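Below is one structure, written out as structure tokens; the observations come after it.
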Amino acid sequence: MTRTLITGGLVVTAAEETHADVLVEDGRVAALATPGSQQWTADRVIDASRKYVVPGGVDAHTHMEMPFGGTFSSDTFETGTRAAAWGGTTTIIDFAIQSKGGSLRAGLDAWHEKADGRCAIDYGFHMIASDVNESTLKEMDALVEEGVTSFKLFMAYPGVFYSDDGQILRAMQRAGQNGGLIMVHAENGIAIDVLVEQAVARGHTDPRVHGEVRKALLEAEATYRAIKLAQVAGAPLYVVHVSAAEAVAELTRARDEGLNVFGETCPQYLFLSTDNLAEPDFEGAKYVCSTPLRPREHQAALWRGLRSNDLQVVSTDHCPFCFTGQKELGRGDFSKIPNGLPGVENRMDLLHQAVVDGHISRRRWIEIACATPARMFGLYPQKGTIAPGSDADIVIYDPRAEQVISAETHHMNVDYSAYEGRRLTGRVETVLSRGEPVISQRTYTGRAGHGAYTPRSTCQYLN
Ligand code: URP
Ligand code: ZN
Ligand code: ZN
Ligand code: ZN
């Protein structure tokens with residue numbers, strides 16, 4: 001039995017902030033006590049004075065080794081989970097993909113194969129359903145039973161991941177019965193594809209145009225439609241990667257009516273904008289993702305949504321593609337740029353900066369990055385908090401350390417950073433995953449294969 005004692009830190013959870021010693025036994029939190037009040041003995045003592053002691057981050061939206069546009073996202077489960085650990089994230093939920101004509105099971109098996117024995121931190125899976133038919137619907141029940149309790153459907157990407165409204169309604173009806181949570185990529189892909197074709201035909205091929213054709217109105221329209229379909233089906237709804245102020249307004253309206261409708265946004269929408277997409281010499285390609293980055297004015301609505309709980313979760317949608325050789329596939333045609341941004345390593349730090357800047361409180365930081373994603377996707381209180389019985393997924397965070405984000409020093413397997421040169425206050429110092437040091441005083445001490453597949457229960461966040 002290994003015992004670790006973390007002394008003198010400020011323990012911050014979504015619920016409270018308290019100076020406490022934390023005793024970890026056999027990979028779990030055993031007890032918290034007033035500093036110095038207990039004569040606990042331990043194999044390892046971590047001095048956390050002047051530091052925060054926070055739950056490991058739960059990133060509920062990543063894409064390791066994801067096939068897209070003829071290539072694969074550049075982080076493997078090995079490199080991506082190691083980078084996550086460096087950034088204070090101790091659980092990811094990645095998206096297994098059903099191929100067209102294939103079963104959910106085959107997709108899930110393939111993703112287990114990619115991840116098994118390779119992860120540095122714990123992981124679970126959502127399932128992308130890209131072929132909703134009778135047998136897919138039946139399979140959903142079995143997956144919910146075994147811990148894959150959420151399903152992403154795409155209103156975008158016709159011919160690839162796209163589901164029509166009938167398929168989405170059927171999946172929502174099924175989820176309404178089996179307890180699954182439907183996640184929707186809300187953009188009107190049919191209309192967007194028309195605008196893409198017209199833009200390319202006119203010779204408008206720069207990365208900047210990606211942001212122009214994927215209109216905020218078409219995100220708002222799809223968000224509204226998804227909400228109405230969920231309402232008709234009597235199912236809860238989680239809208240992924242919300243970027244437009246108009247889409248937040250739809251969520252706010254639905255929540256004001258008392259509907260179980262939830263929204264996620266991502267650091268790129270909070271910290272980046274169409275200014276980045278407009279960077280010259282094809283540099284804008286580094287910022288191509290969908291939903292797209294918006295004009296800076298949208299950020300206030302996202303921050304407000306995070307404060308008012310109209311948005312509940314910040315995940316990364318980590319889906320990195322190298323600039324050289326991957327983003328470059330879209331030189332001369334923005335529609336061929338693989339969609340996605342790196343960020344799994346940066347989320348906890350960027351959101352801490354939001355605390356420093358006064359956008360959110362310290363407890364809200366932990367709520368949107370740890371506790372709520374755990375509750376939303378059935379991992380709480382195993383993950384997302386520091387309480388007796390919880391997994392000892394714990395970050396010792398130095399709120400005063402200064403850092404500059406750079407591809408030179410990050411650990412993600414991608415040749416650029418979307419946040420290059422950004423100065424942040426606050427940095428991860430030590431990370432425990434189920435009591436094991438994965439990062440120790442800014443040295444990697446983890447190993448591929450420590451991370452365990454973590455089956456999930458159903459959503460614990462319903463009204
Ligand atoms: O551009 C993005 N977001 N790529 C990942 C796939 C998705 O739609 O989440
Ligand atoms: Zn204090
Ligand atoms: Zn998406
Ligand atoms: Zn995604």
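To be explicit about the labels: the chains of the structure tokens are called A, B, and onward in the order shown, and within each one the residues are counted from 1, while ligands get numbers from 1 in the order they are shown.
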
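Excluding A:Arg456 itself and any same-chain residue fewer than 6 positions from it, the protein and nucleic acid residues within 7 Å of it, counting only C-alpha atoms, are Gly147, Val148, Thr149, Phe377, Gly378 and Leu379 of chain A.
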
For the selection you just gave me, I'd like the residues written to a file as a compact mmCIF listing (two decimals), in the first residue's frame, keeping C-alpha atoms.
```txt
# COMPACT_ATOMS: atom_id res chain seq x y z
CA GLY A 147 -19.81 2.48 -20.46
CA VAL A 148 -19.87 4.30 -23.80
CA THR A 149 -22.76 6.55 -22.84
CA PHE A 377 -20.20 12.13 -18.95
CA GLY A 378 -20.71 9.85 -15.98
CA LEU A 379 -17.29 9.89 -14.32
```

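By chain and then residue number, the residues within 9 Å of stretch 135-144 of chain A are A:Ser103, A:Leu104, A:Arg105, A:Met127, A:Ala129, A:Ser150, A:Phe151, A:Arg170, A:Ala171, A:Arg174, A:Ala175, A:Gln177, A:Asn178, A:Gly179, A:Gly180, A:Arg456, A:Ser457, A:Thr458, counting only C-alpha atoms and disregarding those fewer than 6 positions away in sequence.
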
Only N, CA and C atoms, please: the residues just picked out, written as a JSON list (two decimals), in the first residue's frame.
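And here's result.json as it stands now:
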```
[["chain", "number", "residue", "atom", "x", "y", "z"],
["A", 103, "SER", "N", -20.24, -1.08, -38.19],
["A", 103, "SER", "CA", -21.01, -1.09, -36.95],
["A", 103, "SER", "C", -20.34, -0.17, -35.93],
["A", 104, "LEU", "N", -21.11, 0.21, -34.90],
["A", 104, "LEU", "CA", -20.52, 0.94, -33.79],
["A", 104, "LEU", "C", -19.43, 0.08, -33.15],
["A", 105, "ARG", "N", -19.74, -1.20, -32.99],
["A", 105, "ARG", "CA", -18.81, -2.12, -32.32],
["A", 105, "ARG", "C", -17.45, -2.14, -33.02],
["A", 127, "MET", "N", -18.84, 7.77, -28.86],
["A", 127, "MET", "CA", -18.94, 7.12, -30.15],
["A", 127, "MET", "C", -19.49, 8.11, -31.17],
["A", 129, "ALA", "N", -21.46, 8.38, -34.34],
["A", 129, "ALA", "CA", -22.33, 7.57, -35.20],
["A", 129, "ALA", "C", -22.43, 8.28, -36.55],
["A", 150, "SER", "N", -22.28, 8.19, -24.57],
["A", 150, "SER", "CA", -22.53, 9.42, -25.32],
["A", 150, "SER", "C", -22.18, 9.21, -26.79],
["A", 151, "PHE", "N", -22.94, 9.89, -27.65],
["A", 151, "PHE", "CA", -22.87, 9.65, -29.09],
["A", 151, "PHE", "C", -22.86, 10.98, -29.81],
["A", 170, "ARG", "N", -34.06, 9.97, -34.64],
["A", 170, "ARG", "CA", -34.10, 8.56, -34.19],
["A", 170, "ARG", "C", -33.06, 8.29, -33.11],
["A", 171, "ALA", "N", -31.87, 8.80, -33.31],
["A", 171, "ALA", "CA", -30.81, 8.58, -32.30],
["A", 171, "ALA", "C", -31.19, 9.25, -30.98],
["A", 174, "ARG", "N", -33.78, 7.20, -29.20],
["A", 174, "ARG", "CA", -33.15, 6.04, -28.57],
["A", 174, "ARG", "C", -32.43, 6.45, -27.29],
["A", 175, "ALA", "N", -31.72, 7.56, -27.36],
["A", 175, "ALA", "CA", -31.00, 8.05, -26.18],
["A", 175, "ALA", "C", -31.98, 8.43, -25.06],
["A", 177, "GLN", "N", -34.50, 6.89, -24.36],
["A", 177, "GLN", "CA", -34.89, 5.64, -23.70],
["A", 177, "GLN", "C", -33.74, 4.99, -22.94],
["A", 178, "ASN", "N", -32.54, 4.99, -23.54],
["A", 178, "ASN", "CA", -31.45, 4.20, -22.91],
["A", 178, "ASN", "C", -30.52, 5.02, -22.02],
["A", 179, "GLY", "N", -30.79, 6.31, -21.90],
["A", 179, "GLY", "CA", -29.98, 7.12, -20.98],
["A", 179, "GLY", "C", -28.74, 7.72, -21.61],
["A", 180, "GLY", "N", -28.53, 7.48, -22.90],
["A", 180, "GLY", "CA", -27.36, 8.04, -23.58],
["A", 180, "GLY", "C", -27.49, 9.54, -23.75],
["A", 456, "ARG", "N", -17.93, 4.54, -18.37],
["A", 456, "ARG", "CA", -18.66, 5.66, -17.77],
["A", 456, "ARG", "C", -20.11, 5.28, -17.49],
["A", 457, "SER", "N", -20.69, 5.92, -16.48],
["A", 457, "SER", "CA", -22.13, 5.80, -16.28],
["A", 457, "SER", "C", -22.82, 6.88, -17.12],
["A", 458, "THR", "N", -24.12, 6.96, -17.02],
["A", 458, "THR", "CA", -24.84, 7.94, -17.84],
["A", 458, "THR", "C", -24.72, 9.34, -17.22]]
```

Kindly provide the residues of stretch 321-434 of chain A that approach stretch 261-273 of chain A to within 9 Å, each paired with its closest atom pair and their distance in Å to one decimal, based on only C-alpha atoms, listed by chain and increasing number, as CSV.
```
residue,atom,partner,partner_atom,distance
A:Leu341,CA,A:Gln268,CA,8.0
A:Gly343,CA,A:Pro267,CA,7.9
A:Asn346,CA,A:Pro267,CA,8.4
A:Arg347,CA,A:Pro267,CA,6.4
A:Leu350,CA,A:Pro267,CA,7.1
A:Leu351,CA,A:Pro267,CA,7.7
A:Ala418,CA,A:Gln268,CA,8.1
A:Tyr419,CA,A:Leu272,CA,8.3
```

Export N, CA and C atoms of the chosen residues as a short mmCIF file (atom, residue, chain, number, x, y, z; two decimals), in the first residue's frame?
```cif
data_model
loop_
_atom_site.label_atom_id
_atom_site.label_comp_id
_atom_site.auth_asym_id
_atom_site.auth_seq_id
_atom_site.Cartn_x
_atom_site.Cartn_y
_atom_site.Cartn_z
N LEU A 341 -7.46 21.84 -34.31
CA LEU A 341 -6.39 22.58 -33.64
C LEU A 341 -5.81 21.74 -32.51
N GLY A 343 -4.33 21.48 -28.65
CA GLY A 343 -4.59 22.24 -27.42
C GLY A 343 -4.71 21.44 -26.14
N ASN A 346 -2.78 22.73 -23.29
CA ASN A 346 -2.88 24.15 -22.92
C ASN A 346 -4.15 24.55 -22.17
N ARG A 347 -5.13 23.66 -22.12
CA ARG A 347 -6.45 24.05 -21.63
C ARG A 347 -6.45 24.51 -20.18
N LEU A 350 -4.63 27.94 -19.92
CA LEU A 350 -5.37 29.06 -20.52
C LEU A 350 -6.56 29.44 -19.65
N LEU A 351 -7.23 28.44 -19.08
CA LEU A 351 -8.38 28.75 -18.23
C LEU A 351 -7.93 29.33 -16.89
N ALA A 418 -0.93 26.95 -31.57
CA ALA A 418 -1.94 27.96 -31.88
C ALA A 418 -1.81 29.17 -30.95
N TYR A 419 -1.02 29.00 -29.88
CA TYR A 419 -0.89 30.06 -28.87
C TYR A 419 0.56 30.53 -28.75
#
```

Item to complete: Could you give me the residues within 8 Å of ligand 2, counting only C-alpha atoms and all ligand atoms, as a ChimeraX atom specification?
Response: /A:9-10,19,50

Would you mind exporting C-alpha atoms of the selected residues as a compact mmCIF listing (two decimals), in the first residue's frame?
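As a result, again04.txt now contains:
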```txt
# COMPACT_ATOMS: atom_id res chain seq x y z
CA GLY A 9 -1.79 23.53 -0.38
CA LEU A 10 -4.98 25.37 -1.16
CA HIS A 19 -6.28 24.85 3.01
CA ARG A 50 1.84 28.39 -1.82
```

Find the residues near A:Gly87: any atom within 12 Å, counting only C-alpha atoms, skip ones fewer than 4 places away on the same chain, and give them as a compact mmCIF listing (two decimals) with N, CA and C atoms, in the first residue's frame.
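Saved result, result39.txt, follows:
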```txt
# COMPACT_ATOMS: atom_id res chain seq x y z
N GLY A 56 -7.31 16.66 -11.30
CA GLY A 56 -6.79 16.56 -12.65
C GLY A 56 -7.86 16.96 -13.64
N GLY A 57 -7.45 17.60 -14.72
CA GLY A 57 -8.40 18.05 -15.73
C GLY A 57 -9.08 16.88 -16.43
N VAL A 58 -10.33 17.09 -16.81
CA VAL A 58 -11.08 16.11 -17.60
C VAL A 58 -11.38 16.76 -18.94
N ASP A 59 -10.69 16.32 -19.97
CA ASP A 59 -10.90 16.87 -21.31
C ASP A 59 -11.84 15.93 -22.06
N GLY A 80 -0.30 12.07 -27.27
CA GLY A 80 -1.38 12.99 -26.88
C GLY A 80 -1.70 12.93 -25.40
N THR A 81 -1.69 11.73 -24.83
CA THR A 81 -2.01 11.64 -23.40
C THR A 81 -0.83 12.10 -22.55
N ARG A 82 0.38 11.93 -23.06
CA ARG A 82 1.56 12.44 -22.35
C ARG A 82 1.50 13.98 -22.31
N ALA A 83 1.18 14.56 -23.45
CA ALA A 83 1.05 16.03 -23.50
C ALA A 83 -0.07 16.51 -22.59
N THR A 91 -7.64 12.88 -17.46
CA THR A 91 -8.61 12.02 -18.14
C THR A 91 -8.97 12.67 -19.47
N ILE A 121 -2.47 8.53 -19.19
CA ILE A 121 -3.54 8.90 -18.25
C ILE A 121 -4.81 8.13 -18.64
N THR A 316 -11.08 20.68 -25.27
CA THR A 316 -10.18 21.25 -26.28
C THR A 316 -10.59 20.98 -27.72
N GLY A 343 -4.33 21.48 -28.65
CA GLY A 343 -4.59 22.24 -27.42
C GLY A 343 -4.71 21.44 -26.14
N VAL A 344 -4.60 20.12 -26.24
CA VAL A 344 -4.86 19.31 -25.04
C VAL A 344 -3.92 19.67 -23.89
N GLU A 345 -2.73 20.18 -24.24
CA GLU A 345 -1.74 20.52 -23.21
C GLU A 345 -2.00 21.91 -22.61
N ASN A 346 -2.78 22.73 -23.29
CA ASN A 346 -2.88 24.15 -22.92
C ASN A 346 -4.15 24.55 -22.17
N ARG A 347 -5.13 23.66 -22.12
CA ARG A 347 -6.45 24.05 -21.63
C ARG A 347 -6.45 24.51 -20.18
N MET A 348 -5.84 23.74 -19.29
CA MET A 348 -5.88 24.11 -17.87
C MET A 348 -5.18 25.45 -17.64
N ASP A 349 -4.06 25.65 -18.32
CA ASP A 349 -3.31 26.90 -18.16
C ASP A 349 -4.06 28.10 -18.74
N LEU A 350 -4.63 27.94 -19.92
CA LEU A 350 -5.37 29.06 -20.52
C LEU A 350 -6.56 29.44 -19.65
N LEU A 351 -7.23 28.44 -19.08
CA LEU A 351 -8.38 28.75 -18.23
C LEU A 351 -7.93 29.33 -16.89
N HIS A 352 -6.75 28.94 -16.43
CA HIS A 352 -6.23 29.61 -15.23
C HIS A 352 -5.95 31.08 -15.53
N VAL A 395 -3.49 17.61 -9.35
CA VAL A 395 -2.48 18.51 -9.91
C VAL A 395 -2.01 19.49 -8.83
N ILE A 396 -0.70 19.58 -8.67
CA ILE A 396 -0.13 20.64 -7.84
C ILE A 396 0.18 21.78 -8.80
N TYR A 397 -0.54 22.89 -8.63
CA TYR A 397 -0.49 23.98 -9.59
C TYR A 397 0.15 25.20 -8.96
N ILE A 405 3.96 30.07 -23.93
CA ILE A 405 3.60 28.89 -24.73
C ILE A 405 4.39 28.90 -26.04
N HIS A 410 6.45 22.68 -26.13
CA HIS A 410 5.28 21.86 -25.80
C HIS A 410 5.55 20.39 -26.11
N HIS A 411 4.64 19.55 -25.68
CA HIS A 411 4.85 18.10 -25.79
C HIS A 411 3.89 17.43 -26.75
N MET A 412 3.04 18.21 -27.37
CA MET A 412 2.13 17.67 -28.38
C MET A 412 2.93 17.41 -29.66
N GLY A 426 0.84 31.02 -14.15
CA GLY A 426 0.34 29.74 -13.64
C GLY A 426 0.91 28.60 -14.46
N ARG A 427 1.28 27.52 -13.75
CA ARG A 427 1.88 26.38 -14.45
C ARG A 427 1.74 25.12 -13.60
N VAL A 428 1.54 24.03 -14.30
CA VAL A 428 1.47 22.72 -13.65
C VAL A 428 2.85 22.37 -13.10
N GLU A 429 2.88 21.87 -11.86
CA GLU A 429 4.17 21.48 -11.28
C GLU A 429 4.30 19.97 -11.14
N THR A 430 3.26 19.36 -10.58
CA THR A 430 3.27 17.91 -10.35
C THR A 430 1.88 17.37 -10.65
N VAL A 431 1.83 16.17 -11.23
CA VAL A 431 0.54 15.56 -11.58
C VAL A 431 0.53 14.12 -11.11
N VAL A 438 2.93 11.33 -12.53
CA VAL A 438 3.09 11.29 -13.99
C VAL A 438 4.00 12.45 -14.42
N ILE A 439 3.81 13.58 -13.75
CA ILE A 439 4.71 14.72 -13.86
C ILE A 439 5.18 15.01 -12.44
N ARG A 442 7.88 19.11 -12.85
CA ARG A 442 8.14 19.40 -14.26
C ARG A 442 9.08 18.41 -14.95
N TYR A 444 8.78 14.44 -16.64
CA TYR A 444 7.83 13.37 -16.95
C TYR A 444 8.26 12.08 -16.28
```

Item to complete: Can you tell me which residues come within 7 Å of ligand 3 when counting only C-alpha atoms and all ligand atoms, ideally as a ChimeraX atom specification?
Response: /A:154,185,240-241,290-291

Kindly export the residues of the current selection with C-alpha atoms, as a PDB file, in the first residue's frame.
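Okay, selection_4.pdb is ready:
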```
ATOM      1  CA  PHE A 154     -22.851  15.621 -37.212  1.00  0.00           C
ATOM      2  CA  HIS A 185     -21.854  19.181 -34.118  1.00  0.00           C
ATOM      3  CA  VAL A 240     -20.054  20.532 -28.849  1.00  0.00           C
ATOM      4  CA  HIS A 241     -17.584  23.292 -29.709  1.00  0.00           C
ATOM      5  CA  SER A 290     -14.974  23.638 -37.347  1.00  0.00           C
ATOM      6  CA  THR A 291     -16.961  25.301 -35.981  1.00  0.00           C
TER       7      THR A 291
END
```

Worksheet entry | stretch 205-362 of chain A: residues DSSP assigns to strand (DSSP E), reported as a ChimeraX atom specification | /A:237-239,261-265,313-314

Within 9 Å of ligand 1, which residues of chain A show up? Give each one with its shortest atom-to-atom distance in Å (one decimal) and the two atoms involved, counting only C-alpha atoms and all ligand atoms, rows by chain then rising residue number, as a Markdown table.
```
| residue | atom | partner | partner_atom_place_in_ligand_line | distance |
| --- | --- | --- | --- | --- |
| A:His61 | CA | ligand 1 | 9 (O) | 7.8 |
| A:Thr62 | CA | ligand 1 | 9 (O) | 8.1 |
| A:His63 | CA | ligand 1 | 5 (C) | 6.7 |
| A:Met66 | CA | ligand 1 | 5 (C) | 8.2 |
| A:Phe68 | CA | ligand 1 | 6 (C) | 8.1 |
| A:Ser73 | CA | ligand 1 | 5 (C) | 9.0 |
| A:Phe95 | CA | ligand 1 | 9 (O) | 8.9 |
| A:Phe154 | CA | ligand 1 | 8 (O) | 7.7 |
| A:Ala156 | CA | ligand 1 | 8 (O) | 8.1 |
| A:Tyr157 | CA | ligand 1 | 8 (O) | 8.6 |
| A:His185 | CA | ligand 1 | 8 (O) | 6.4 |
| A:Val240 | CA | ligand 1 | 9 (O) | 7.6 |
| A:His241 | CA | ligand 1 | 9 (O) | 7.3 |
| A:Val288 | CA | ligand 1 | 1 (O) | 6.8 |
| A:Cys289 | CA | ligand 1 | 1 (O) | 3.3 |
| A:Ser290 | CA | ligand 1 | 1 (O) | 3.9 |
| A:Thr291 | CA | ligand 1 | 3 (N) | 6.2 |
| A:Pro292 | CA | ligand 1 | 1 (O) | 7.5 |
| A:Asp317 | CA | ligand 1 | 9 (O) | 5.8 |
| A:His318 | CA | ligand 1 | 5 (C) | 7.3 |
| A:Cys319 | CA | ligand 1 | 5 (C) | 5.5 |
| A:Pro320 | CA | ligand 1 | 4 (N) | 8.5 |
| A:Pro338 | CA | ligand 1 | 1 (O) | 7.5 |
| A:Asn339 | CA | ligand 1 | 1 (O) | 3.8 |
| A:Gly340 | CA | ligand 1 | 1 (O) | 3.6 |
| A:Leu341 | CA | ligand 1 | 1 (O) | 6.8 |
```

Write out the residues from the selection above, keeping N, CA and C atoms, as an mmCIF file, in the first residue's frame.
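again-v1.cif, written as the output of this step:
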```cif
data_model
loop_
_atom_site.group_PDB
_atom_site.id
_atom_site.type_symbol
_atom_site.label_atom_id
_atom_site.label_comp_id
_atom_site.auth_asym_id
_atom_site.auth_seq_id
_atom_site.Cartn_x
_atom_site.Cartn_y
_atom_site.Cartn_z
ATOM 1 N N HIS A 61 -13.227 16.063 -24.912
ATOM 2 C CA HIS A 61 -13.326 16.156 -26.374
ATOM 3 C C HIS A 61 -11.931 16.161 -26.994
ATOM 4 N N THR A 62 -11.437 14.976 -27.345
ATOM 5 C CA THR A 62 -10.151 14.882 -28.055
ATOM 6 C C THR A 62 -10.263 13.932 -29.241
ATOM 7 N N HIS A 63 -9.351 14.108 -30.171
ATOM 8 C CA HIS A 63 -9.269 13.236 -31.355
ATOM 9 C C HIS A 63 -7.817 12.844 -31.576
ATOM 10 N N MET A 66 -6.974 10.662 -35.463
ATOM 11 C CA MET A 66 -8.281 10.679 -36.132
ATOM 12 C C MET A 66 -8.123 10.841 -37.639
ATOM 13 N N PHE A 68 -8.970 12.187 -41.113
ATOM 14 C CA PHE A 68 -9.706 13.352 -41.617
ATOM 15 C C PHE A 68 -9.042 13.844 -42.887
ATOM 16 N N SER A 73 -4.900 12.903 -37.550
ATOM 17 C CA SER A 73 -4.414 13.862 -36.562
ATOM 18 C C SER A 73 -3.109 13.325 -35.988
ATOM 19 N N PHE A 95 -13.037 10.265 -29.222
ATOM 20 C CA PHE A 95 -14.181 9.859 -30.045
ATOM 21 C C PHE A 95 -13.830 8.661 -30.928
ATOM 22 N N PHE A 154 -23.304 14.457 -36.451
ATOM 23 C CA PHE A 154 -22.851 15.621 -37.212
ATOM 24 C C PHE A 154 -23.961 16.164 -38.099
ATOM 25 N N ALA A 156 -22.968 18.628 -39.874
ATOM 26 C CA ALA A 156 -22.010 19.119 -40.879
ATOM 27 C C ALA A 156 -21.357 17.943 -41.598
ATOM 28 N N TYR A 157 -20.503 18.256 -42.546
ATOM 29 C CA TYR A 157 -19.728 17.266 -43.310
ATOM 30 C C TYR A 157 -20.605 16.263 -44.081
ATOM 31 N N HIS A 185 -22.649 18.173 -33.409
ATOM 32 C CA HIS A 185 -21.854 19.181 -34.118
ATOM 33 C C HIS A 185 -22.856 20.002 -34.916
ATOM 34 N N VAL A 240 -21.523 20.443 -28.955
ATOM 35 C CA VAL A 240 -20.054 20.532 -28.849
ATOM 36 C C VAL A 240 -19.545 21.824 -29.496
ATOM 37 N N HIS A 241 -18.352 22.166 -29.144
ATOM 38 C CA HIS A 241 -17.584 23.292 -29.709
ATOM 39 C C HIS A 241 -18.441 24.467 -30.210
ATOM 40 N N VAL A 288 -7.537 26.642 -38.814
ATOM 41 C CA VAL A 288 -8.753 26.119 -39.453
ATOM 42 C C VAL A 288 -9.304 24.962 -38.624
ATOM 43 N N CYS A 289 -10.494 25.170 -38.091
ATOM 44 C CA CYS A 289 -11.213 24.121 -37.375
ATOM 45 C C CYS A 289 -12.699 24.427 -37.564
ATOM 46 N N SER A 290 -13.526 23.443 -37.215
ATOM 47 C CA SER A 290 -14.974 23.638 -37.347
ATOM 48 C C SER A 290 -15.664 23.166 -36.075
ATOM 49 N N THR A 291 -16.600 23.972 -35.553
ATOM 50 C CA THR A 291 -16.961 25.301 -35.981
ATOM 51 C C THR A 291 -15.708 26.194 -36.075
ATOM 52 N N PRO A 292 -15.788 27.259 -36.900
ATOM 53 C CA PRO A 292 -14.595 28.084 -37.106
ATOM 54 C C PRO A 292 -14.388 29.128 -35.998
ATOM 55 N N ASP A 317 -11.311 19.866 -27.984
ATOM 56 C CA ASP A 317 -11.462 19.415 -29.373
ATOM 57 C C ASP A 317 -10.074 19.242 -30.003
ATOM 58 N N HIS A 318 -9.141 18.799 -29.173
ATOM 59 C CA HIS A 318 -7.752 18.593 -29.623
ATOM 60 C C HIS A 318 -7.729 17.678 -30.850
ATOM 61 N N CYS A 319 -7.309 18.238 -31.985
ATOM 62 C CA CYS A 319 -7.275 17.478 -33.241
ATOM 63 C C CYS A 319 -6.156 18.080 -34.098
ATOM 64 N N PRO A 320 -4.899 17.773 -33.721
ATOM 65 C CA PRO A 320 -3.753 18.474 -34.311
ATOM 66 C C PRO A 320 -3.376 17.951 -35.683
ATOM 67 N N PRO A 338 -7.078 20.117 -43.467
ATOM 68 C CA PRO A 338 -7.663 19.292 -42.403
ATOM 69 C C PRO A 338 -8.115 20.167 -41.233
ATOM 70 N N ASN A 339 -9.317 19.894 -40.744
ATOM 71 C CA ASN A 339 -9.927 20.715 -39.689
ATOM 72 C C ASN A 339 -9.474 20.269 -38.310
ATOM 73 N N GLY A 340 -8.967 21.189 -37.540
ATOM 74 C CA GLY A 340 -8.663 20.865 -36.150
ATOM 75 C C GLY A 340 -7.463 21.620 -35.627
ATOM 76 N N LEU A 341 -7.463 21.835 -34.312
ATOM 77 C CA LEU A 341 -6.393 22.576 -33.638
ATOM 78 C C LEU A 341 -5.808 21.739 -32.508
#
```

Practice prompt. As JSON, numbers by chain, list the residues of stretch 170-255 of chain A assigned to alpha helix (DSSP H) by DSSP on the backbone atoms of this structure.
Written response: {"A": [170, 171, 172, 173, 174, 175, 176, 177, 178, 189, 190, 191, 192, 193, 194, 195, 196, 197, 198, 199, 200, 201, 207, 208, 209, 210, 211, 212, 213, 216, 217, 218, 219, 220, 221, 222, 223, 224, 225, 226, 227, 228, 229, 230, 231, 232, 233, 245, 246, 247, 248, 249, 250, 251, 252, 253, 254, 255]}

Next, the residues of the selection above should be written as a compact mmCIF listing (two decimals), in the first residue's frame with C-alpha atoms.
```txt
# COMPACT_ATOMS: atom_id res chain seq x y z
CA ARG A 170 -34.10 8.56 -34.19
CA ALA A 171 -30.81 8.58 -32.30
CA MET A 172 -32.22 11.13 -29.86
CA GLN A 173 -35.35 9.04 -29.30
CA ARG A 174 -33.15 6.04 -28.57
CA ALA A 175 -31.00 8.05 -26.18
CA GLY A 176 -34.17 9.29 -24.48
CA GLN A 177 -34.89 5.64 -23.70
CA ASN A 178 -31.45 4.20 -22.91
CA GLY A 189 -23.37 21.40 -43.50
CA ILE A 190 -25.62 21.23 -46.54
CA ALA A 191 -25.84 25.01 -46.79
CA ILE A 192 -22.17 25.47 -45.90
CA ASP A 193 -21.11 23.14 -48.73
CA VAL A 194 -22.96 25.36 -51.21
CA LEU A 195 -21.13 28.42 -49.94
CA VAL A 196 -17.80 26.57 -50.03
CA GLU A 197 -18.34 25.53 -53.65
CA GLN A 198 -19.32 29.06 -54.65
CA ALA A 199 -16.33 30.60 -52.89
CA VAL A 200 -13.83 28.19 -54.43
CA ALA A 201 -15.41 28.71 -57.89
CA PRO A 207 -7.88 29.98 -45.10
CA ARG A 208 -9.71 33.18 -44.10
CA VAL A 209 -12.63 32.11 -46.32
CA HIS A 210 -13.16 29.00 -44.16
CA GLY A 211 -14.40 31.34 -41.44
CA GLU A 212 -16.57 33.34 -43.85
CA VAL A 213 -18.53 30.46 -45.39
CA ALA A 216 -22.42 32.05 -37.38
CA LEU A 217 -26.04 32.09 -38.56
CA LEU A 218 -25.66 28.54 -39.85
CA GLU A 219 -24.27 27.46 -36.48
CA ALA A 220 -27.19 29.17 -34.74
CA GLU A 221 -29.73 27.61 -37.11
CA ALA A 222 -28.35 24.12 -36.57
CA THR A 223 -28.19 24.68 -32.81
CA TYR A 224 -31.84 25.74 -32.80
CA ARG A 225 -32.80 22.73 -34.94
CA ALA A 226 -30.89 20.31 -32.70
CA ILE A 227 -32.62 21.75 -29.65
CA LYS A 228 -36.07 21.33 -31.23
CA LEU A 229 -35.30 17.76 -32.33
CA ALA A 230 -34.12 16.91 -28.80
CA GLN A 231 -37.24 18.49 -27.36
CA VAL A 232 -39.46 16.43 -29.68
CA ALA A 233 -37.49 13.28 -28.81
CA ALA A 245 -22.70 34.30 -29.92
CA GLU A 246 -25.93 33.53 -31.82
CA ALA A 247 -25.60 29.84 -30.91
CA VAL A 248 -25.08 30.69 -27.24
CA ALA A 249 -28.31 32.71 -27.45
CA GLU A 250 -30.20 29.62 -28.68
CA LEU A 251 -28.83 27.56 -25.78
CA THR A 252 -29.70 30.30 -23.30
CA ARG A 253 -33.27 30.47 -24.58
CA ALA A 254 -33.69 26.70 -24.37
CA ARG A 255 -32.25 26.56 -20.87
```

Worksheet item: Within 6 Å of A:Thr274, counting only C-alpha atoms, which residues qualify if same-chain residues fewer than 3 places away don't, as a ChimeraX atom specification?
Response: /A:277,293-295

Worksheet item: Within 7 Å of A:Ser99, counting only C-alpha atoms, which residues qualify if same-chain residues fewer than 3 places away don't, as a ChimeraX atom specification?
Response: /A:102,107,130

Item to complete: Compare A:Ala85, A:Val242, A:Val24, A:Ala30 by their minimum atom-to-atom distance to ligand 4, counting only C-alpha atoms and all ligand atoms, and give me the closest one.
Response: A:Val242

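Residue nearest ligand 4 within the list A:Leu306, A:Val239, A:Gly435, A:Gly284: A:Val239 [criterion: smallest interatomic distance, only C-alpha atoms and all ligand atoms].
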